[in-house]
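Since the structure comes first, as structure tokens, the remarks are kept for the end.
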Amino acid sequence: MALTHIGATLHGYPRQGPDRELKRALEGYWAGRVAADDLIATAASVRAGARRQMRTAGITEIPTGGFSLYDHVLDTAWAVGAVPARYRAGGVTELDAYFAAARGTAELAPLEMTKWFDTNYHYLVPEVGPGTVFTPDSRKQLAEYAEARLEGLTARPVLLGPVSFLLLSKPAPGAGPGFTPLALLDRLLPVYASLLADLRAVGVEWVQLDEPALVQDQPRAVLDATARAYRELTAAEDRPKLLVATYFDALGEALPVLAQSPVEGLALDFTGPAAVNLEALAALGGLPGKRLIAGVVDGRNVWADDLEASLATLATLLGLTDHLDVAPSCSLLHVPLDLTLERTLDLQVSRWLAFARQKLDETVTLARALSEGREAVAPHLAASRAARASRAASAVTHDPAVRARCAATGPEHARRPQAYAERAAAQRNRLALPPLPTTTIGSFPQTSDLRAARAALRAGTLTAEEYEERIAAEIREVVAFQEKAGLDVLVHGEPERNDMVQYFAERLNGFLVTRHGWVQSYGSRYVKPPVLVGDVSRPAPMTLRWTSYAQSLTGKPVKGMLTGPVTMLAWSFVRDDQPLADTARQVALALRDEVADLEAAGTAIVQVDEPALRESLPLRAAARPAYLAWATEAFRLATSGVRADTQVHTHMCYAEFGEILPAIEALDADVISLEAARSHMEIAGELAAAGYPREAGPGVYDIHSPRVPSEWEISDLLDRALRALPAERLWVNPDCGLKTRAPGEVREALENLVAAARRVRG
């Protein structure tokens with residue numbers, strides 16, 4: 001094929017701004033401190049800064065439309081008129097209706113939230129039903145495209161595609177049995193055609209429609225619907241050229257469907273498990289006459305690109321398309337913004353890394369190598385080789401003692417000696433809890449005072465002794481409140497912890513923690529994933545002091561709270577130089593030591609949270625058994641060293657659990673707590689249908705919304721749960737930790753929770 005174009009582009013960019021300006025503006029608006037116009041101005045400034053970074057790096061075509069005040073899936077629902085009317089009622093502004101759908105109000109629960117494929121980003125699940133009337137609203141797309149054009153930039157609007165939008169949706173209440181959102185495709189397509197026509201009318205040449213759902217195993221009906229959708233969308237005369245983008249995994253059986261469709265271009269991922277797209281594309285004979293955006297720079301991890309390897313992939317692709325653009329594999333939303341903000345990192349280690357801004361440079365370097373020749377980027381190639389050699393030889397990455405311990409660990413270390421029935425009897429005797437025991441998931445609100453104390457400690461204006469007394473005072477207050485509220489199993493509230501992963505990463509060898517490596521989790525919630533740079537070990541106890549202190553304040557059991565090995569990996573940027581299973585085993589052994597110390601100190605309940613078990617499930621079914629085998633083994637390795645009367649809990653939140661229920665049972669935890677409030681207790685029925693034999697706490701309080709559930713609402717959820725699970729195996733708890741909620745909300749909600757449990761107990 002005769003190559004006519006080589007460019008550099010990307011799918012999307014971090015939304016927060018270099019100093020998380022958008023987060024502060026959003027939370028200020030919700031608190032009534034920031035006016036709507038000021039919020040909109042801050043958002044525009046953040047978008048302008050992102051475009052400036054892309055332009056400075058040399059990106060030849062920038063994406064527009066992917067910026068969001070909360071969530072791009074909610075933005076798509078708004079663009080096609082699929083936001084439920086209840087959020088627009090009462091004469092509220094459009095902005096407040098948007099946030100009502102995202103966060104809820106005092107009267108309305110928000111839309112359900114779940115994980116975006118196998119990432120730690122959360123999206124809001126659209127609700128559609130037979131009565132849904134789609135209507136186009138192109139204003140956001142037009143406005144953001146106009147911003148780019150006013151700066152003289154070549155831009156490509158990006159929008160979630162119609163097939164993935166419906167596959168990611170759920171049936172609206174009352175939709176009726178047997179209804180599936182994809183049944184609305186023919187009704188939705190004219191709305192997409194209208195959006196495309198509006199964009200073409202202002203001069204848009206290319207529009208990208210993201211169809212990530214196609215990298216999952218899809219039945220023939222979905223593939224046929226995809227083919228039909230793109231035949232219809234391309235049939236219109238007055239439209240831009242269409243580019244369909246996929247990422248996170250291989251396209252598999254959907255690749256020939258898209259390759260043979262009339263769309264003018266495809267964007268494919270060529271990293272990680274999606275690397276097999278290269279062989280599959282070659283087997284099809286390439287994409288003659290079509291544009292290809294080649295995702296060769298890993299958009300989900302922070303390791304500097306192996307430029308030589310990427311160039312080898314691109315060299316093959318040169319013969320498979322007429323129009324090639326180099327790009328990251330997916331939106332850079334999933335990595336921190338800029339490595340240059342990390343001024344305290346070890347210089348050697350920093351050379352191994354690349355954040356979003358550096359990935360722009362890598363993308364442009366690769367495009368230049370193709371268009372100008374390797375000699376034009378020779379210094380960059382040499383630096384890439386040197387960084388990889390440095391990392392491979394560094395003592396930072398390898399610890400012989402850790403590797404020897406892993407080698408000596410056998411299957412017997414990942415099995416509890418006693419069967420569950422024997423353990424349950426011993427635990428009932430030791431704990432003496434009432435039916436429907438009440439508890440929380442772990443964290444209590446991280447107040448501004450706590451954050452200020454932590455900042456003062458870092459700045460040196462607060463001594464370590466003063467800080468520790470502040471933590472002790474907070475624990476005393478949290479324990480006292482729980483006792484007064486009547487909770488049965490207490491927590492210490494985790495005031496000393498900045499984040500459930502970062503806290504442990506700071507105390508484990510092998511992890512690196514950044515200062516400014518923020519990544520969006522949902523809305524205004526950002527996390528700083530640690531970087532797993534080397535072999536993992538525990539140099540000293542991590543949680544023992546404050547757990548023991550809390551237990552000394554009460555006669556009720558206080559849970560020891562740990563983050564599990566799978567979640568430590570899933571919410572970190574993991575090593576790419578050894579199998580994940582090996583790293584998980586190292587983390588599990590470090591946690592096993594911590595569990596042993598807690599038990600020896602008298603802790604009767606140890607909770608090892610694994611909220612990421614489901615989200616890390618490979619997108620393709622063929623890869624799942626191997627993943628679940630090592631993931632569940634790692635959990636058991638961390639928890640199987642305890643006595644029969646020590647109760648092991650685990651927690652999972654905001655995911656579709658049905659397909660992993662056998663793995664949940666394989667964890668062999670004594671008690672599991674799960675998200676259930678937004679999904680109206682569906683998981684209780686799924687647990688019952690699967691014959692789950694252990695104790696469970698399906699959540700009754702949605703902590704991702706500021707809305708406080710009433711005693712009667714919680715009672716109703718408990719009644720639903722009791723129709724599926726027996727009272728002797730049911731716990732009462734929130735969906736998740738309470739860190740992000742206001743203290744007043746938490747006090748009222750937990751008082752309602754305890755009252756509801758007592759009422760239902762009778």
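Residue numbering restarts at 1 for every chain of the structure tokens, chains are lettered A, B, ... in their displayed order, and ligands are numbered from 1 as they appear.
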- Using DSSP on the backbone coordinates, identify all residues within region 456-649 of chain A classified as alpha helix (DSSP H); present the result as a PyMOL selection string. chain A and resi 456-459+464-485+502-505+544-551+565-570+580-600+624-639
DSSP strand (DSSP E or B) selection over region 217-449 of chain A, as a tab-separated table (two decimals) with N, CA, C and O atoms, in the first residue's frame:
chain	number	residue	atom	x	y	z
A	241	LYS	N	-16.08	12.07	8.03
A	241	LYS	CA	-15.51	10.73	7.96
A	241	LYS	C	-15.56	10.11	9.36
A	241	LYS	O	-15.36	10.80	10.36
A	242	LEU	N	-15.81	8.83	9.39
A	242	LEU	CA	-15.96	8.14	10.67
A	242	LEU	C	-14.78	7.24	10.96
A	242	LEU	O	-14.33	6.48	10.08
A	243	LEU	N	-14.31	7.32	12.20
A	243	LEU	CA	-13.22	6.49	12.69
A	243	LEU	C	-13.73	5.77	13.93
A	243	LEU	O	-14.16	6.42	14.89
A	244	VAL	N	-13.73	4.46	13.94
A	244	VAL	CA	-14.20	3.68	15.08
A	244	VAL	C	-12.99	3.24	15.89
A	244	VAL	O	-12.04	2.65	15.35
A	245	ALA	N	-13.02	3.54	17.19
A	245	ALA	CA	-11.87	3.27	18.07
A	245	ALA	C	-12.21	2.19	19.08
A	245	ALA	O	-13.31	2.17	19.65
A	265	GLY	N	-12.04	4.79	8.89
A	265	GLY	CA	-10.84	4.55	9.68
A	265	GLY	C	-11.11	3.75	10.93
A	265	GLY	O	-12.25	3.66	11.41
A	266	LEU	N	-10.05	3.15	11.48
A	266	LEU	CA	-10.10	2.42	12.74
A	266	LEU	C	-8.95	2.89	13.62
A	266	LEU	O	-7.88	3.25	13.13
A	267	ALA	N	-9.20	2.84	14.94
A	267	ALA	CA	-8.14	3.05	15.92
A	267	ALA	C	-8.04	1.77	16.74
A	267	ALA	O	-9.02	1.34	17.33
A	268	LEU	N	-6.86	1.17	16.75
A	268	LEU	CA	-6.66	-0.11	17.41
A	268	LEU	C	-5.54	-0.01	18.45
A	268	LEU	O	-4.57	0.74	18.27
A	269	ASP	N	-5.70	-0.80	19.49
A	269	ASP	CA	-4.71	-0.93	20.55
A	269	ASP	C	-3.73	-2.04	20.14
A	269	ASP	O	-4.15	-3.12	19.71
A	287	LEU	N	-5.74	-2.65	6.06
A	287	LEU	CA	-6.89	-1.76	5.90
A	287	LEU	C	-6.71	-0.90	4.65
A	287	LEU	O	-6.54	0.32	4.73
A	288	PRO	N	-6.72	-1.50	3.48
A	288	PRO	CA	-6.53	-0.70	2.27
A	288	PRO	C	-7.60	0.38	2.13
A	288	PRO	O	-8.79	0.10	2.30
A	289	GLY	N	-7.15	1.60	1.89
A	289	GLY	CA	-8.08	2.70	1.71
A	289	GLY	C	-8.61	3.29	3.00
A	289	GLY	O	-9.38	4.26	2.97
A	290	LYS	N	-8.20	2.76	4.14
A	290	LYS	CA	-8.69	3.26	5.42
A	290	LYS	C	-7.55	3.88	6.23
A	290	LYS	O	-6.39	3.51	6.07
A	291	ARG	N	-7.92	4.76	7.13
A	291	ARG	CA	-6.99	5.35	8.08
A	291	ARG	C	-6.84	4.41	9.27
A	291	ARG	O	-7.80	3.78	9.71
A	292	LEU	N	-5.63	4.32	9.84
A	292	LEU	CA	-5.37	3.53	11.04
A	292	LEU	C	-4.69	4.40	12.08
A	292	LEU	O	-3.63	4.98	11.82
A	293	ILE	N	-5.29	4.50	13.25
A	293	ILE	CA	-4.62	5.09	14.41
A	293	ILE	C	-4.07	3.93	15.22
A	293	ILE	O	-4.83	3.09	15.73
A	294	ALA	N	-2.74	3.87	15.32
A	294	ALA	CA	-2.06	2.74	15.95
A	294	ALA	C	-1.69	3.08	17.39
A	294	ALA	O	-0.80	3.89	17.64
A	295	GLY	N	-2.36	2.45	18.33
A	295	GLY	CA	-2.08	2.67	19.75
A	295	GLY	C	-0.91	1.82	20.20
A	295	GLY	O	-1.09	0.68	20.65
A	296	VAL	N	0.29	2.36	20.11
A	296	VAL	CA	1.50	1.59	20.45
A	296	VAL	C	2.14	2.05	21.75
A	296	VAL	O	2.99	1.34	22.31
A	297	VAL	N	1.79	3.24	22.24
A	297	VAL	CA	2.30	3.74	23.52
A	297	VAL	C	1.26	3.39	24.58
A	297	VAL	O	0.10	3.77	24.47
A	303	TRP	N	5.27	3.28	32.58
A	303	TRP	CA	6.63	2.98	32.16
A	303	TRP	C	6.95	3.65	30.84
A	303	TRP	O	6.10	3.72	29.94
A	321	THR	N	-1.71	-0.12	5.79
A	321	THR	CA	-2.66	0.98	5.69
A	321	THR	C	-2.09	2.07	4.79
A	321	THR	O	-0.87	2.14	4.58
A	322	ASP	N	-2.96	2.93	4.32
A	322	ASP	CA	-2.53	4.07	3.50
A	322	ASP	C	-2.32	5.33	4.34
A	322	ASP	O	-1.70	6.29	3.87
A	323	HIS	N	-2.89	5.36	5.53
A	323	HIS	CA	-2.90	6.59	6.35
A	323	HIS	C	-2.68	6.16	7.80
A	323	HIS	O	-3.58	5.59	8.42
A	324	LEU	N	-1.51	6.42	8.33
A	324	LEU	CA	-1.14	5.91	9.66
A	324	LEU	C	-0.90	7.06	10.63
A	324	LEU	O	-0.16	7.99	10.32
A	325	ASP	N	-1.54	6.98	11.79
A	325	ASP	CA	-1.26	7.90	12.88
A	325	ASP	C	-0.76	7.10	14.08
A	325	ASP	O	-1.31	6.04	14.41
A	326	VAL	N	0.24	7.63	14.75
A	326	VAL	CA	0.76	7.03	15.98
A	326	VAL	C	0.00	7.62	17.16
A	326	VAL	O	-0.30	8.82	17.17
A	327	ALA	N	-0.29	6.79	18.15
A	327	ALA	CA	-1.07	7.26	19.30
A	327	ALA	C	-0.80	6.40	20.52
A	327	ALA	O	-0.30	5.28	20.41
A	328	PRO	N	-1.16	6.90	21.70
A	328	PRO	CA	-1.26	6.01	22.86
A	328	PRO	C	-2.37	4.98	22.63
A	328	PRO	O	-3.25	5.16	21.78
A	353	LEU	N	10.14	6.25	33.66
A	353	LEU	CA	8.70	6.55	33.70
A	353	LEU	C	8.28	7.55	32.63
A	353	LEU	O	9.10	8.33	32.13
A	438	THR	N	-24.22	-5.03	62.81
A	438	THR	CA	-23.97	-3.78	62.09
A	438	THR	C	-22.51	-3.40	62.17
A	438	THR	O	-21.85	-3.57	63.20
A	443	SER	N	-13.20	3.13	56.57
A	443	SER	CA	-12.80	4.52	56.74
A	443	SER	C	-13.96	5.39	57.20
A	443	SER	O	-15.12	5.13	56.87
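CA of Ala193 (chain A) lies 22.7 Å from CA of Glu147 (chain A).
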- Write out as a ChimeraX atom specification each polymer residue whose atoms come within 12 Å of Pro618 (chain A), counting only C-alpha atoms; drop sequence neighbours fewer than 6 positions from it. /A:117-119,215-217,248-250,272-274,570,612,624-628,631,660
Please save N, CA and C atoms of the selected residues as a PDB file, in the first residue's frame.
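Final output, saved to part-v1.pdb:
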ATOM      1  N   PHE A 117     -14.834  -0.885  32.220  1.00  0.00           N
ATOM      2  CA  PHE A 117     -14.104  -2.066  31.773  1.00  0.00           C
ATOM      3  C   PHE A 117     -13.183  -2.564  32.894  1.00  0.00           C
ATOM      4  N   ASP A 118     -11.911  -2.811  32.621  1.00  0.00           N
ATOM      5  CA  ASP A 118     -11.038  -3.335  33.679  1.00  0.00           C
ATOM      6  C   ASP A 118     -10.114  -2.249  34.236  1.00  0.00           C
ATOM      7  N   THR A 119     -10.619  -1.013  34.285  1.00  0.00           N
ATOM      8  CA  THR A 119      -9.855   0.102  34.849  1.00  0.00           C
ATOM      9  C   THR A 119     -10.417   0.465  36.213  1.00  0.00           C
ATOM     10  N   VAL A 215     -14.274  -5.128  22.355  1.00  0.00           N
ATOM     11  CA  VAL A 215     -13.116  -5.959  22.711  1.00  0.00           C
ATOM     12  C   VAL A 215     -13.497  -7.040  23.716  1.00  0.00           C
ATOM     13  N   GLN A 216     -14.737  -7.049  24.146  1.00  0.00           N
ATOM     14  CA  GLN A 216     -15.235  -8.137  24.985  1.00  0.00           C
ATOM     15  C   GLN A 216     -15.841  -9.226  24.100  1.00  0.00           C
ATOM     16  N   ASP A 217     -16.042 -10.402  24.671  1.00  0.00           N
ATOM     17  CA  ASP A 217     -16.693 -11.474  23.927  1.00  0.00           C
ATOM     18  C   ASP A 217     -18.137 -11.066  23.645  1.00  0.00           C
ATOM     19  N   PHE A 248      -8.073  -1.443  25.109  1.00  0.00           N
ATOM     20  CA  PHE A 248      -8.004  -2.291  26.304  1.00  0.00           C
ATOM     21  C   PHE A 248      -7.792  -3.772  26.009  1.00  0.00           C
ATOM     22  N   ASP A 249      -8.112  -4.237  24.803  1.00  0.00           N
ATOM     23  CA  ASP A 249      -7.905  -5.651  24.501  1.00  0.00           C
ATOM     24  C   ASP A 249      -8.022  -5.850  22.991  1.00  0.00           C
ATOM     25  N   ALA A 250      -7.859  -7.096  22.589  1.00  0.00           N
ATOM     26  CA  ALA A 250      -7.920  -7.432  21.168  1.00  0.00           C
ATOM     27  C   ALA A 250      -9.357  -7.357  20.667  1.00  0.00           C
ATOM     28  N   GLY A 272      -0.051  -4.742  25.347  1.00  0.00           N
ATOM     29  CA  GLY A 272      -0.555  -5.749  26.277  1.00  0.00           C
ATOM     30  C   GLY A 272      -1.297  -6.862  25.562  1.00  0.00           C
ATOM     31  N   PRO A 273      -2.473  -7.260  26.099  1.00  0.00           N
ATOM     32  CA  PRO A 273      -3.218  -8.352  25.462  1.00  0.00           C
ATOM     33  C   PRO A 273      -3.723  -8.000  24.072  1.00  0.00           C
ATOM     34  N   ALA A 274      -3.764  -6.705  23.748  1.00  0.00           N
ATOM     35  CA  ALA A 274      -4.214  -6.286  22.420  1.00  0.00           C
ATOM     36  C   ALA A 274      -3.111  -6.361  21.367  1.00  0.00           C
ATOM     37  N   ALA A 570      -4.014  -3.699  41.303  1.00  0.00           N
ATOM     38  CA  ALA A 570      -4.947  -3.063  40.367  1.00  0.00           C
ATOM     39  C   ALA A 570      -4.938  -1.549  40.495  1.00  0.00           C
ATOM     40  N   ALA A 612     -11.044  -4.577  43.908  1.00  0.00           N
ATOM     41  CA  ALA A 612     -10.601  -4.624  42.511  1.00  0.00           C
ATOM     42  C   ALA A 612     -10.628  -6.019  41.909  1.00  0.00           C
ATOM     43  N   ARG A 624      -9.672 -15.509  31.722  1.00  0.00           N
ATOM     44  CA  ARG A 624     -10.170 -15.342  33.092  1.00  0.00           C
ATOM     45  C   ARG A 624      -9.798 -16.469  34.046  1.00  0.00           C
ATOM     46  N   PRO A 625      -9.879 -17.719  33.650  1.00  0.00           N
ATOM     47  CA  PRO A 625      -9.549 -18.768  34.632  1.00  0.00           C
ATOM     48  C   PRO A 625      -8.154 -18.625  35.224  1.00  0.00           C
ATOM     49  N   ALA A 626      -7.171 -18.314  34.400  1.00  0.00           N
ATOM     50  CA  ALA A 626      -5.807 -18.171  34.920  1.00  0.00           C
ATOM     51  C   ALA A 626      -5.716 -16.992  35.881  1.00  0.00           C
ATOM     52  N   TYR A 627      -6.348 -15.885  35.524  1.00  0.00           N
ATOM     53  CA  TYR A 627      -6.335 -14.717  36.415  1.00  0.00           C
ATOM     54  C   TYR A 627      -6.992 -15.038  37.754  1.00  0.00           C
ATOM     55  N   LEU A 628      -8.188 -15.611  37.715  1.00  0.00           N
ATOM     56  CA  LEU A 628      -8.903 -15.887  38.960  1.00  0.00           C
ATOM     57  C   LEU A 628      -8.156 -16.896  39.825  1.00  0.00           C
ATOM     58  N   ALA A 631      -5.352 -14.850  41.474  1.00  0.00           N
ATOM     59  CA  ALA A 631      -5.900 -13.781  42.308  1.00  0.00           C
ATOM     60  C   ALA A 631      -6.485 -14.339  43.598  1.00  0.00           C
ATOM     61  N   ILE A 660     -18.454 -13.705  38.714  1.00  0.00           N
ATOM     62  CA  ILE A 660     -17.283 -14.160  39.484  1.00  0.00           C
ATOM     63  C   ILE A 660     -17.689 -14.755  40.829  1.00  0.00           C
TER      64      ILE A 660
END
- Task: Work out how far apart CA of Ala721 (chain A) and CA of Ala663 (chain A) are and give it in Å to one decimal.
- Result: 21.3 Å
- Message: So the first atom is CA of Arg391 (chain A) and the second is CA of Pro379 (chain A); what is the distance between them in Å, to one decimal place?
- Response: 18.5 Å
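Counting only C-alpha atoms, the residue from A:Val574, A:Glu468, A:Leu532, A:Arg585 that sits nearest to Thr409 (chain A) is A:Arg585.
Of the listed residues A:Glu466, A:Gly493, A:Pro437, A:Gln586, the one whose atoms come nearest to Asp399 (chain A) is A:Gln586, with distances taken using only C-alpha atoms.
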Please report as a tab-separated table every residue of region 114-230 of chain A lying within 12 Å of region 674-679 of chain A, along with the nearest atom pair and their distance in Å (one decimal), using only C-alpha atoms.
residue	atom	partner	partner_atom	distance
A:Thr114	CA	A:Arg678	CA	9.9
A:Leu124	CA	A:Arg678	CA	11.0
A:Val125	CA	A:Arg678	CA	10.6
A:Lys170	CA	A:Ser679	CA	10.5
A:Pro171	CA	A:Ser679	CA	11.7
A:Ala172	CA	A:Ser679	CA	11.6
A:Pro173	CA	A:Ser679	CA	11.0
